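Q: Quick one, input_12.txt (compact mmCIF, C-alpha atoms):
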# COMPACT_ATOMS: atom_id res chain seq x y z
CA MET Q 1 0.09 17.21 -4.11
CA GLN Q 2 3.45 15.80 -5.20
CA ASN Q 3 4.48 12.35 -4.17
CA LYS Q 4 7.65 11.88 -6.21
CA ASN Q 5 9.88 11.98 -3.16
CA ILE Q 6 7.82 9.90 -0.79
CA SER Q 7 9.44 6.54 -0.09
CA VAL Q 8 7.77 3.20 -0.69
CA ALA Q 9 8.00 2.45 3.03
CA VAL Q 10 6.00 5.59 3.88
CA ILE Q 11 3.42 4.79 1.20
CA LYS Q 12 2.97 1.33 2.71
CA ARG Q 13 2.19 2.90 6.07
CA LEU Q 14 -0.28 5.49 4.70
CA PRO Q 15 -3.44 3.33 4.80
CA ARG Q 16 -2.87 2.77 8.52
CA TYR Q 17 -2.48 6.52 9.17
CA TYR Q 18 -5.59 7.07 7.07
CA ARG Q 19 -7.52 4.60 9.21
CA TYR Q 20 -6.47 6.22 12.50
CA LEU Q 21 -7.07 9.76 11.22
CA GLY Q 22 -10.53 8.65 10.03
CA GLU Q 23 -11.34 7.33 13.50
CA LEU Q 24 -10.20 10.60 15.09
CA LEU Q 25 -12.32 12.56 12.63
CA ALA Q 26 -15.33 10.39 13.47
CA HIS Q 27 -14.79 11.40 17.11
CA ASP Q 28 -14.62 15.10 16.15
CA VAL Q 29 -10.94 15.43 17.00
CA VAL Q 30 -9.61 18.56 15.28
CA ARG Q 31 -5.92 18.38 16.15
CA ILE Q 32 -3.59 15.72 17.51
CA SER Q 33 0.06 15.83 18.58
CA SER Q 34 2.58 13.33 17.27
CA LYS Q 35 2.95 12.12 20.86
CA GLU Q 36 -0.76 11.34 21.28
CA LEU Q 37 -0.95 9.74 17.85
CA SER Q 38 2.15 7.66 18.60
CA GLU Q 39 0.53 6.29 21.76
CA LYS Q 40 -2.59 5.32 19.84
CA MET Q 41 -0.73 3.72 16.95
CA GLY Q 42 2.11 2.09 18.86
CA VAL Q 43 4.88 3.68 16.78
CA THR Q 44 7.40 6.31 17.86
CA ALA Q 45 6.51 10.00 17.72
CA SER Q 46 9.62 10.63 15.65
CA GLN Q 47 8.50 8.05 13.06
CA ILE Q 48 5.14 9.82 12.85
CA ARG Q 49 6.78 13.22 12.44
CA GLN Q 50 9.08 11.91 9.73
CA ASP Q 51 6.21 10.23 7.88
CA LEU Q 52 3.55 12.90 8.14
CA ASN Q 53 5.80 15.87 7.51
CA ASN Q 54 5.86 14.62 3.91
CA PHE Q 55 2.29 15.86 3.62
CA GLY Q 56 2.31 19.19 5.43
CA GLY Q 57 -0.54 19.90 7.78
CA PHE Q 58 1.91 20.50 10.61
CA GLY Q 59 1.53 23.85 12.34
CA GLN Q 60 3.95 25.35 14.80
CA GLN Q 61 5.60 23.22 17.48
CA GLY Q 62 3.06 22.21 20.13
CA TYR Q 63 0.06 22.81 17.89
CA GLY Q 64 -0.22 19.31 16.48
CA TYR Q 65 -1.56 17.93 13.22
CA GLN Q 66 -4.77 19.14 11.65
CA VAL Q 67 -6.69 15.86 11.48
CA GLU Q 68 -9.13 16.68 8.69
CA TYR Q 69 -6.50 18.29 6.46
CA LEU Q 70 -4.10 15.34 6.79
CA TYR Q 71 -6.92 12.84 6.30
CA THR Q 72 -7.98 14.56 3.08
CA GLU Q 73 -4.45 14.91 1.72
CA ILE Q 74 -3.53 11.29 2.45
CA GLY Q 75 -6.84 10.24 0.85
CA LYS Q 76 -5.80 12.08 -2.34
CA ILE Q 77 -2.39 10.38 -2.36
CA LEU Q 78 -4.19 7.03 -2.03
CA GLY Q 79 -6.49 7.90 -4.93
CA LEU Q 80 -9.58 7.79 -2.70
CA ASP Q 81 -10.86 11.14 -3.98
CA ARG Q 82 -11.77 9.46 -7.27
CA LYS Q 83 -14.50 6.99 -8.08
CA ASN Q 84 -13.09 3.46 -7.98
CA ARG Q 85 -15.46 0.95 -9.56
CA LEU Q 86 -14.66 -2.60 -8.51
CA ILE Q 87 -15.81 -5.98 -9.80
CA ILE Q 88 -15.23 -9.36 -8.20
CA ILE Q 89 -14.27 -12.42 -10.25
CA GLY Q 90 -15.25 -15.53 -8.32
CA ALA Q 91 -18.39 -15.73 -6.15
CA GLY Q 92 -17.18 -18.34 -3.68
CA ASN Q 93 -17.04 -17.58 0.03
CA LEU Q 94 -14.17 -15.13 -0.35
CA GLY Q 95 -15.73 -13.27 -3.29
CA MET Q 96 -19.02 -13.10 -1.38
CA ALA Q 97 -17.21 -11.82 1.72
CA LEU Q 98 -15.71 -9.00 -0.35
CA ALA Q 99 -19.07 -8.24 -2.01
CA ASN Q 100 -20.73 -8.01 1.41
CA SER Q 101 -18.06 -5.81 2.94
CA MET Q 102 -19.47 -2.35 3.55
CA SER Q 103 -16.11 -1.01 4.68
CA PHE Q 104 -14.79 -0.63 1.12
CA GLU Q 105 -17.70 1.55 0.15
CA LYS Q 106 -16.96 3.87 3.04
CA ARG Q 107 -13.61 4.48 1.30
CA GLY Q 108 -15.25 5.30 -2.02
CA PHE Q 109 -14.92 1.92 -3.72
CA GLU Q 110 -18.10 1.10 -5.63
CA PHE Q 111 -19.14 -2.55 -5.94
CA ALA Q 112 -19.99 -2.80 -9.64
CA GLY Q 113 -20.49 -6.51 -10.33
CA ILE Q 114 -19.62 -10.11 -9.50
CA PHE Q 115 -18.95 -13.06 -11.82
CA ASP Q 116 -18.62 -16.82 -11.57
CA VAL Q 117 -18.86 -19.97 -13.69
CA ASP Q 118 -20.74 -22.14 -11.18
CA PRO Q 119 -24.44 -22.53 -12.13
CA LYS Q 120 -25.19 -22.92 -8.40
CA VAL Q 121 -24.20 -19.29 -7.74
CA VAL Q 122 -24.86 -17.55 -11.07
CA GLY Q 123 -28.16 -15.70 -10.69
CA LYS Q 124 -27.89 -15.30 -6.91
CA ASN Q 125 -28.34 -11.80 -5.53
CA VAL Q 126 -25.61 -10.00 -3.56
CA ARG Q 127 -26.07 -6.44 -2.37
CA ASN Q 128 -28.35 -5.53 -5.30
CA HIS Q 129 -26.14 -7.26 -7.85
CA THR Q 130 -26.91 -10.54 -9.58
CA VAL Q 131 -23.98 -12.92 -9.89
CA LEU Q 132 -23.31 -12.98 -13.66
CA HIS Q 133 -21.76 -15.76 -15.71
CA ILE Q 134 -18.13 -15.17 -16.58
CA ASP Q 135 -19.00 -15.64 -20.27
CA GLY Q 136 -20.61 -12.19 -20.12
CA LEU Q 137 -17.55 -10.50 -18.58
CA GLU Q 138 -16.09 -9.12 -21.81
CA GLN Q 139 -19.34 -7.52 -22.93
CA PHE Q 140 -19.98 -6.19 -19.44
CA LEU Q 141 -16.58 -4.49 -19.34
CA ASN Q 142 -17.07 -3.00 -22.79
CA GLU Q 143 -20.31 -1.40 -21.61
CA ASN Q 144 -19.25 -0.70 -17.98
CA PRO Q 145 -15.56 0.14 -17.63
CA VAL Q 146 -14.23 -0.62 -14.15
CA ASP Q 147 -11.11 0.46 -12.30
CA ILE Q 148 -10.29 -2.58 -10.20
CA ALA Q 149 -10.98 -6.32 -10.38
CA ALA Q 150 -10.64 -8.59 -7.36
CA LEU Q 151 -9.60 -12.08 -8.43
CA THR Q 152 -10.83 -14.84 -6.08
CA VAL Q 153 -10.81 -17.86 -8.39
CA PRO Q 154 -8.85 -21.13 -8.19
CA LYS Q 155 -5.16 -20.72 -8.99
CA ALA Q 156 -5.42 -22.64 -12.27
CA GLN Q 157 -7.92 -20.15 -13.72
CA ALA Q 158 -6.09 -17.03 -12.54
CA PRO Q 159 -3.67 -16.38 -15.45
CA GLN Q 160 -6.27 -16.60 -18.22
CA LEU Q 161 -8.82 -14.50 -16.33
CA ALA Q 162 -6.19 -11.87 -15.52
CA ALA Q 163 -5.28 -11.72 -19.22
CA LEU Q 164 -8.96 -11.27 -20.15
CA LEU Q 165 -9.37 -8.47 -17.59
CA VAL Q 166 -6.29 -6.67 -18.94
CA LYS Q 167 -7.50 -7.10 -22.53
CA CYS Q 168 -10.81 -5.47 -21.50
CA GLY Q 169 -9.03 -2.45 -20.02
CA VAL Q 170 -8.83 -3.30 -16.31
CA ASN Q 171 -5.53 -1.84 -15.09
CA ALA Q 172 -5.57 -2.83 -11.42
CA ILE Q 173 -5.92 -6.38 -10.10
CA TRP Q 174 -6.48 -7.27 -6.45
CA ASN Q 175 -5.11 -10.79 -6.52
CA PHE Q 176 -6.29 -13.27 -3.89
CA THR Q 177 -5.14 -16.34 -5.83
CA PRO Q 178 -2.06 -18.13 -4.44
CA THR Q 179 0.08 -17.26 -7.46
CA ASP Q 180 1.93 -14.22 -8.80
CA LEU Q 181 0.32 -12.85 -11.96
CA ASN Q 182 2.52 -11.99 -14.90
CA LEU Q 183 0.99 -8.70 -16.06
CA PRO Q 184 2.01 -5.99 -18.54
CA PRO Q 185 3.91 -3.03 -17.00
CA HIS Q 186 0.95 -0.62 -17.12
CA VAL Q 187 -1.19 -2.94 -14.97
CA VAL Q 188 -0.76 -2.78 -11.20
CA GLN Q 189 -1.49 -5.60 -8.78
CA GLU Q 190 -1.78 -6.01 -5.04
CA ASN Q 191 -1.50 -9.53 -3.71
CA VAL Q 192 -3.32 -10.96 -0.71
CA HIS Q 193 -1.63 -14.32 -0.22
CA LEU Q 194 -3.46 -15.69 2.80
CA THR Q 195 -1.41 -18.85 3.19
CA GLU Q 196 1.77 -16.76 3.25
CA SER Q 197 0.25 -14.52 5.91
CA LEU Q 198 -0.57 -17.61 7.99
CA MET Q 199 3.01 -18.86 7.58
CA ARG Q 200 4.34 -15.53 8.86
CA LEU Q 201 2.11 -15.92 11.92
CA SER Q 202 3.40 -19.46 12.42
CA TYR Q 203 6.97 -18.13 12.18
CA LYS Q 204 6.27 -15.42 14.80
CA LYS Q 205 4.74 -18.00 17.12
CA ARG Q 206 7.71 -20.35 16.83
CA ALA Q 207 10.19 -17.48 17.31
CA ALA Q 208 8.29 -16.19 20.38
CA GLU Q 209 8.26 -19.67 21.95
CA GLU Q 210 12.01 -20.07 21.45
CA GLU Q 211 12.64 -16.71 23.08
CA ALA Q 212 10.44 -17.52 26.07
CA MET M 213 18.66 -24.35 12.61
CA GLN M 214 19.58 -20.96 14.00
CA ASN M 215 17.65 -17.92 12.96
CA LYS M 216 19.02 -15.32 15.34
CA ASN M 217 20.85 -13.46 12.60
CA ILE M 218 18.22 -13.58 9.88
CA SER M 219 16.72 -10.16 9.20
CA VAL M 220 13.01 -9.37 9.41
CA ALA M 221 13.03 -8.50 5.70
CA VAL M 222 14.30 -11.99 4.81
CA ILE M 223 11.75 -13.61 7.11
CA LYS M 224 8.97 -11.69 5.35
CA ARG M 225 10.11 -13.08 2.02
CA LEU M 226 10.41 -16.71 3.23
CA PRO M 227 6.79 -17.78 2.61
CA ARG M 228 7.16 -16.77 -1.03
CA TYR M 229 10.37 -18.80 -1.40
CA TYR M 230 8.60 -21.68 0.32
CA ARG M 231 5.74 -21.47 -2.19
CA TYR M 232 8.07 -21.49 -5.21
CA LEU M 233 10.25 -24.27 -3.80
CA GLY M 234 7.11 -26.32 -3.12
CA GLU M 235 6.02 -25.90 -6.74
CA LEU M 236 9.45 -26.99 -7.98
CA LEU M 237 9.33 -30.01 -5.69
CA ALA M 238 5.88 -30.93 -7.02
CA HIS M 239 7.44 -30.91 -10.49
CA ASP M 240 10.28 -33.19 -9.30
CA VAL M 241 12.94 -30.51 -9.70
CA VAL M 242 15.98 -31.58 -7.64
CA ARG M 243 18.26 -28.55 -8.08
CA ILE M 244 17.81 -24.98 -9.28
CA SER M 245 20.30 -22.18 -9.88
CA SER M 246 19.76 -18.71 -8.42
CA LYS M 247 19.50 -17.45 -12.02
CA GLU M 248 16.64 -19.82 -12.92
CA LEU M 249 14.86 -19.14 -9.63
CA SER M 250 15.28 -15.39 -10.12
CA GLU M 251 13.60 -15.60 -13.53
CA LYS M 252 10.66 -17.51 -12.06
CA MET M 253 10.23 -15.21 -9.06
CA GLY M 254 10.98 -11.88 -10.70
CA VAL M 255 13.69 -10.87 -8.21
CA THR M 256 17.42 -10.53 -8.83
CA ALA M 257 19.70 -13.56 -8.59
CA SER M 258 21.88 -11.67 -6.12
CA GLN M 259 18.88 -11.07 -3.84
CA ILE M 260 18.12 -14.78 -3.93
CA ARG M 261 21.73 -15.71 -3.15
CA GLN M 262 21.81 -13.25 -0.25
CA ASP M 263 18.50 -14.52 1.14
CA LEU M 264 18.95 -18.26 0.70
CA ASN M 265 22.57 -18.42 1.76
CA ASN M 266 21.21 -17.80 5.25
CA PHE M 267 19.92 -21.36 5.18
CA GLY M 268 22.72 -23.32 3.58
CA GLY M 269 21.80 -25.87 0.96
CA PHE M 270 24.14 -24.21 -1.52
CA GLY M 271 26.70 -26.50 -3.08
CA GLN M 272 29.66 -25.41 -5.15
CA GLN M 273 29.33 -22.61 -7.72
CA GLY M 274 27.29 -23.77 -10.70
CA TYR M 275 25.62 -26.61 -8.81
CA GLY M 276 22.56 -24.71 -7.65
CA TYR M 277 20.25 -25.06 -4.66
CA GLN M 278 19.00 -28.40 -3.42
CA VAL M 279 15.26 -27.82 -3.68
CA GLU M 280 14.02 -30.39 -1.17
CA TYR M 281 16.63 -29.50 1.46
CA LEU M 282 15.88 -25.77 1.26
CA TYR M 283 12.11 -26.39 1.25
CA THR M 284 12.40 -28.49 4.40
CA GLU M 285 14.71 -26.07 6.21
CA ILE M 286 12.57 -23.03 5.39
CA GLY M 287 9.51 -24.99 6.51
CA LYS M 288 11.18 -25.56 9.90
CA ILE M 289 12.01 -21.86 10.24
CA LEU M 290 8.34 -21.10 9.49
CA GLY M 291 7.20 -23.59 12.15
CA LEU M 292 5.47 -25.77 9.55
CA ASP M 293 7.08 -28.95 10.85
CA ARG M 294 4.83 -28.80 13.91
CA LYS M 295 1.12 -29.39 14.22
CA ASN M 296 -0.70 -26.05 14.10
CA ARG M 297 -4.30 -26.40 15.23
CA LEU M 298 -6.42 -23.47 14.08
CA ILE M 299 -9.90 -22.31 15.03
CA ILE M 300 -11.96 -19.63 13.33
CA ILE M 301 -13.97 -17.08 15.29
CA GLY M 302 -16.75 -15.72 13.08
CA ALA M 303 -18.58 -17.91 10.56
CA GLY M 304 -19.54 -15.17 8.11
CA ASN M 305 -18.44 -15.34 4.49
CA LEU M 306 -14.81 -14.68 5.36
CA GLY M 307 -14.70 -17.24 8.17
CA MET M 308 -16.39 -19.78 5.90
CA ALA M 309 -13.90 -19.01 3.12
CA LEU M 310 -11.03 -19.76 5.51
CA ALA M 311 -12.73 -22.92 6.79
CA ASN M 312 -13.17 -24.15 3.22
CA SER M 313 -9.63 -23.40 2.14
CA MET M 314 -7.74 -26.63 1.57
CA SER M 315 -4.48 -24.80 0.94
CA PHE M 316 -3.82 -24.23 4.66
CA GLU M 317 -4.05 -27.94 5.37
CA LYS M 318 -1.45 -28.65 2.72
CA ARG M 319 0.88 -26.55 4.89
CA GLY M 320 0.09 -28.54 8.02
CA PHE M 321 -2.52 -26.25 9.58
CA GLU M 322 -5.35 -28.30 11.03
CA PHE M 323 -8.85 -26.82 11.01
CA ALA M 324 -10.05 -27.55 14.56
CA GLY M 325 -13.29 -25.61 14.98
CA ILE M 326 -15.43 -22.61 14.04
CA PHE M 327 -17.58 -20.36 16.26
CA ASP M 328 -20.24 -17.71 15.83
CA VAL M 329 -23.10 -16.03 17.72
CA ASP M 330 -25.61 -15.97 14.87
CA PRO M 331 -28.35 -18.63 15.34
CA LYS M 332 -28.65 -18.74 11.53
CA VAL M 333 -25.15 -20.23 11.20
CA VAL M 334 -24.63 -22.05 14.52
CA GLY M 335 -25.21 -25.76 13.86
CA LYS M 336 -24.27 -25.57 10.17
CA ASN M 337 -21.69 -28.03 8.94
CA VAL M 338 -18.36 -26.97 7.44
CA ARG M 339 -15.74 -29.51 6.41
CA ASN M 340 -16.83 -32.01 9.09
CA HIS M 341 -17.10 -29.37 11.78
CA THR M 342 -20.31 -27.99 13.22
CA VAL M 343 -20.36 -24.22 13.74
CA LEU M 344 -20.46 -23.90 17.54
CA HIS M 345 -21.89 -21.07 19.60
CA ILE M 346 -19.29 -18.68 20.93
CA ASP M 347 -20.62 -19.26 24.46
CA GLY M 348 -18.95 -22.67 24.32
CA LEU M 349 -15.55 -21.30 23.27
CA GLU M 350 -13.97 -21.22 26.71
CA GLN M 351 -14.91 -24.82 27.54
CA PHE M 352 -13.84 -25.95 24.06
CA LEU M 353 -10.40 -24.39 24.47
CA ASN M 354 -9.97 -25.93 27.93
CA GLU M 355 -10.62 -29.35 26.43
CA ASN M 356 -8.96 -28.78 23.03
CA PRO M 357 -5.98 -26.44 23.17
CA VAL M 358 -5.31 -24.73 19.85
CA ASP M 359 -2.31 -22.89 18.45
CA ILE M 360 -3.89 -20.21 16.31
CA ALA M 361 -7.23 -18.39 16.18
CA ALA M 362 -8.41 -16.52 13.09
CA LEU M 363 -10.58 -13.57 14.09
CA THR M 364 -13.20 -12.64 11.46
CA VAL M 365 -15.80 -10.86 13.56
CA PRO M 366 -17.07 -7.27 13.42
CA LYS M 367 -14.56 -4.69 14.68
CA ALA M 368 -16.61 -3.88 17.80
CA GLN M 369 -16.41 -7.48 19.08
CA ALA M 370 -12.72 -7.97 18.29
CA PRO M 371 -11.07 -6.68 21.51
CA GLN M 372 -13.20 -8.72 23.94
CA LEU M 373 -12.92 -11.90 21.87
CA ALA M 374 -9.17 -11.47 21.53
CA ALA M 375 -8.94 -11.07 25.32
CA LEU M 376 -10.99 -14.26 25.83
CA LEU M 377 -8.77 -16.20 23.40
CA VAL M 378 -5.64 -15.03 25.21
CA LYS M 379 -7.16 -15.91 28.57
CA CYS M 380 -7.82 -19.43 27.26
CA GLY M 381 -4.21 -19.88 26.19
CA VAL M 382 -4.28 -18.98 22.48
CA ASN M 383 -0.95 -17.29 21.76
CA ALA M 384 -1.30 -16.47 18.07
CA ILE M 385 -4.09 -14.42 16.51
CA TRP M 386 -4.68 -14.08 12.79
CA ASN M 387 -6.56 -10.81 12.82
CA PHE M 388 -8.90 -10.00 9.92
CA THR M 389 -10.78 -7.27 11.80
CA PRO M 390 -10.07 -3.69 10.71
CA THR M 391 -8.45 -2.77 13.99
CA ASP M 392 -5.11 -3.33 15.71
CA LEU M 393 -5.43 -5.61 18.75
CA ASN M 394 -3.75 -4.63 21.96
CA LEU M 395 -2.30 -7.95 23.13
CA PRO M 396 0.12 -9.02 25.86
CA PRO M 397 3.76 -9.34 24.73
CA HIS M 398 3.77 -13.14 24.64
CA VAL M 399 0.91 -13.22 22.12
CA VAL M 400 1.77 -12.77 18.44
CA GLN M 401 -0.56 -11.42 15.79
CA GLU M 402 -0.60 -11.17 12.02
CA ASN M 403 -3.00 -8.65 10.54
CA VAL M 404 -4.86 -8.97 7.26
CA HIS M 405 -6.34 -5.51 6.79
CA LEU M 406 -8.19 -5.89 3.50
CA THR M 407 -9.29 -2.28 3.18
CA GLU M 408 -5.69 -1.14 3.62
CA SER M 409 -4.60 -3.57 0.93
CA LEU M 410 -7.24 -2.13 -1.41
CA MET M 411 -6.02 1.40 -0.64
CA ARG M 412 -2.46 0.39 -1.57
CA LEU M 413 -3.78 -0.91 -4.88
CA SER M 414 -5.64 2.36 -5.42
CA TYR M 415 -2.42 4.26 -4.69
CA LYS M 416 -0.44 2.17 -7.20
CA LYS M 417 -3.10 2.75 -9.85
CA ARG M 418 -3.09 6.52 -9.33
CA ALA M 419 0.73 6.63 -9.34
CA ALA M 420 0.91 4.52 -12.53
CA GLU M 421 -1.60 6.79 -14.29
CA GLU M 422 0.37 9.88 -13.37
CA GLU M 423 3.57 8.36 -14.71
CA ALA M 424 1.95 7.39 -18.01
Starting from the coordinates I provided, produce the structure as structure tokens.

A:
Amino acid sequence: MQNKNISVAVIKRLPRYYRYLGELLAHDVVRISSKELSEKMGVTASQIRQDLNNFGGFGQQGYGYQVEYLYTEIGKILGLDRKNRLIIIGAGNLGMALANSMSFEKRGFEFAGIFDVDPKVVGKNVRNHTVLHIDGLEQFLNENPVDIAALTVPKAQAPQLAALLVKCGVNAIWNFTPTDLNLPPHVVQENVHLTESLMRLSYKKRAAEEEA
Amino acid sequence: MQNKNISVAVIKRLPRYYRYLGELLAHDVVRISSKELSEKMGVTASQIRQDLNNFGGFGQQGYGYQVEYLYTEIGKILGLDRKNRLIIIGAGNLGMALANSMSFEKRGFEFAGIFDVDPKVVGKNVRNHTVLHIDGLEQFLNENPVDIAALTVPKAQAPQLAALLVKCGVNAIWNFTPTDLNLPPHVVQENVHLTESLMRLSYKKRAAEEEA
């Protein structure tokens, strides 16, 4: 599966297609037309055809997409066919929410450990994992390489912890801290800036009220 | 302040500008050039000039942006100059993480209540608010109108709770459930689909490994 020519915009939309295709598969849907899928997803049929024709799985006109084939191929593009071991740095409410989320495991992400500095949470049990002290992180990573680290610590601690993770071979950081991490080029990051998301909602609300 | 001609792409980037301008302001920076700001933010100076010239605040060449003016104007565009009362539906780990986040209040969002169905959490105290039973939501909203509701409940409960919120006059939903809500046109939503974010990170990691 080549993805050299797939645009960033299409890639951004893939997880949503993957989610809808997964729901269809769970309901034993074998094929779906771009028209039906467009009604479900609230995007135009022509957008769907443009996006999904990047991945094949489109039979003759009027036949529709093969749901399982497309689901599998998009999963490969997203790297979901591999084992993705994930640790969580920060066992506050947000870190605990991530640790308790079953939905990641359905996508093949394996919860491999959780770390904190707070003596009140170190030693607690979460989904068969004990919250470990951050002082043991380096040794843990030497013995148990992981693919992804979620960072849910206060902003002030984020840069040094990100540097430690990178030093220990973690090449993908899921950054929940309200700051942009300055990482080496081989390390990828995905930011979840919740306050920015809330500001976008506030903008939409204000704009909708002015239009009304 | 007119925003009719500002593109969606610029609007999406505004919260990030707002964050950086707020940090500069906190460090008593009065003016900043597009070049300096571009180095901080990791985007080109020409992108910054294109984006921020939508909002004025640009003096003569070589003078730079007036930090406080731009911060205030962007805040108005984002609706942060008004009171935004926010309730949280779902007092699991994620709902509790949102309730405990001070960073929203710095942006003028007021935490106004939190609701759940679970007898184990109803009655608990969070930042001077008692977790209330969801059965009291309708009466609460009649007596205490709110601007925004964060929805952090299981996917299966999301549609009916969203409908109840809309019925009670909530016009902005911050949706953390892994589903797209079907809302009337006057209601705005902002989705935080964490599993999709994790898939995008997984994609970036796979793509980076193939390039290496």

Q: Kindly provide the residues of segment 251-349 of chain M that approach segment 141-162 of chain Q to within 12 Å, each paired with its closest atom pair and their distance in Å to one decimal, based on all atoms listed in the file, listed by chain and increasing number, as JSON lines.

A:
{"residue": "M:Ala309", "atom": "CA", "partner": "Q:Thr152", "partner_atom": "CA", "distance": 10.6}
{"residue": "M:Ser313", "atom": "CA", "partner": "Q:Pro154", "partner_atom": "CA", "distance": 10.6}
{"residue": "M:Met314", "atom": "CA", "partner": "Q:Pro154", "partner_atom": "CA", "distance": 11.3}
{"residue": "M:Ser315", "atom": "CA", "partner": "Q:Lys155", "partner_atom": "CA", "distance": 10.8}

Q: Print the selection's residues with C-alpha atoms to a file, as a PDB file, in the frame of the given file.

A:
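Written file, part_14.pdb:
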ATOM      1  CA  ALA M 309     -13.900 -19.010   3.120  1.00  0.00           C
ATOM      2  CA  SER M 313      -9.630 -23.400   2.140  1.00  0.00           C
ATOM      3  CA  MET M 314      -7.740 -26.630   1.570  1.00  0.00           C
ATOM      4  CA  SER M 315      -4.480 -24.800   0.940  1.00  0.00           C
TER       5      SER M 315
END

Q: So these two share a sequence; what Cα RMSD do you get laying chain Q over chain M, all Cα, in order, least squares?

A: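 Once chain Q is overlaid on chain M, the RMSD is 0.0 Å.
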
Q: Using all atoms listed in the file, which protein or nucleic acid residues come within 10 Å of Val241 of chain M? Drop anything in the same chain fewer than 6 positions from it, and give the result as a list in words.

A: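 Skipping anything fewer than 6 positions along the chain leaves Leu233, Gly234, Glu235, Gln278, Val279 and Glu280 of chain M.
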
Q: Pick out the chain M residues within 6 Å of chain Q. Count all atoms listed in the file. Give them as a CSV table (one decimal) with C-alpha atoms, keeping the file's coordinate frame.

A:
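Result saved to part_24.csv:
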chain,number,residue,atom,x,y,z
M,227,PRO,CA,6.8,-17.8,2.6
M,290,LEU,CA,8.3,-21.1,9.5
M,291,GLY,CA,7.2,-23.6,12.2
M,305,ASN,CA,-18.4,-15.3,4.5
M,306,LEU,CA,-14.8,-14.7,5.4
M,309,ALA,CA,-13.9,-19.0,3.1
M,402,GLU,CA,-0.6,-11.2,12.0
M,408,GLU,CA,-5.7,-1.1,3.6
M,413,LEU,CA,-3.8,-0.9,-4.9
M,414,SER,CA,-5.6,2.4,-5.4
M,415,TYR,CA,-2.4,4.3,-4.7
M,418,ARG,CA,-3.1,6.5,-9.3

Q: Find the residues around Gln262 of chain M up to 12 Å (only C-alpha atoms counted), leave out those fewer than 4 positions away in its own chain, and share them as a PyMOL selection string.

A: chain M and resi 218-219+221-222+225+246+255-258+266-268+270

Q: For a test of reading the model, state the distance in Å between atom CA of Glu73 of chain Q and atom CA of Ser38 of chain Q, rounded to one decimal.

A: 19.5 Å
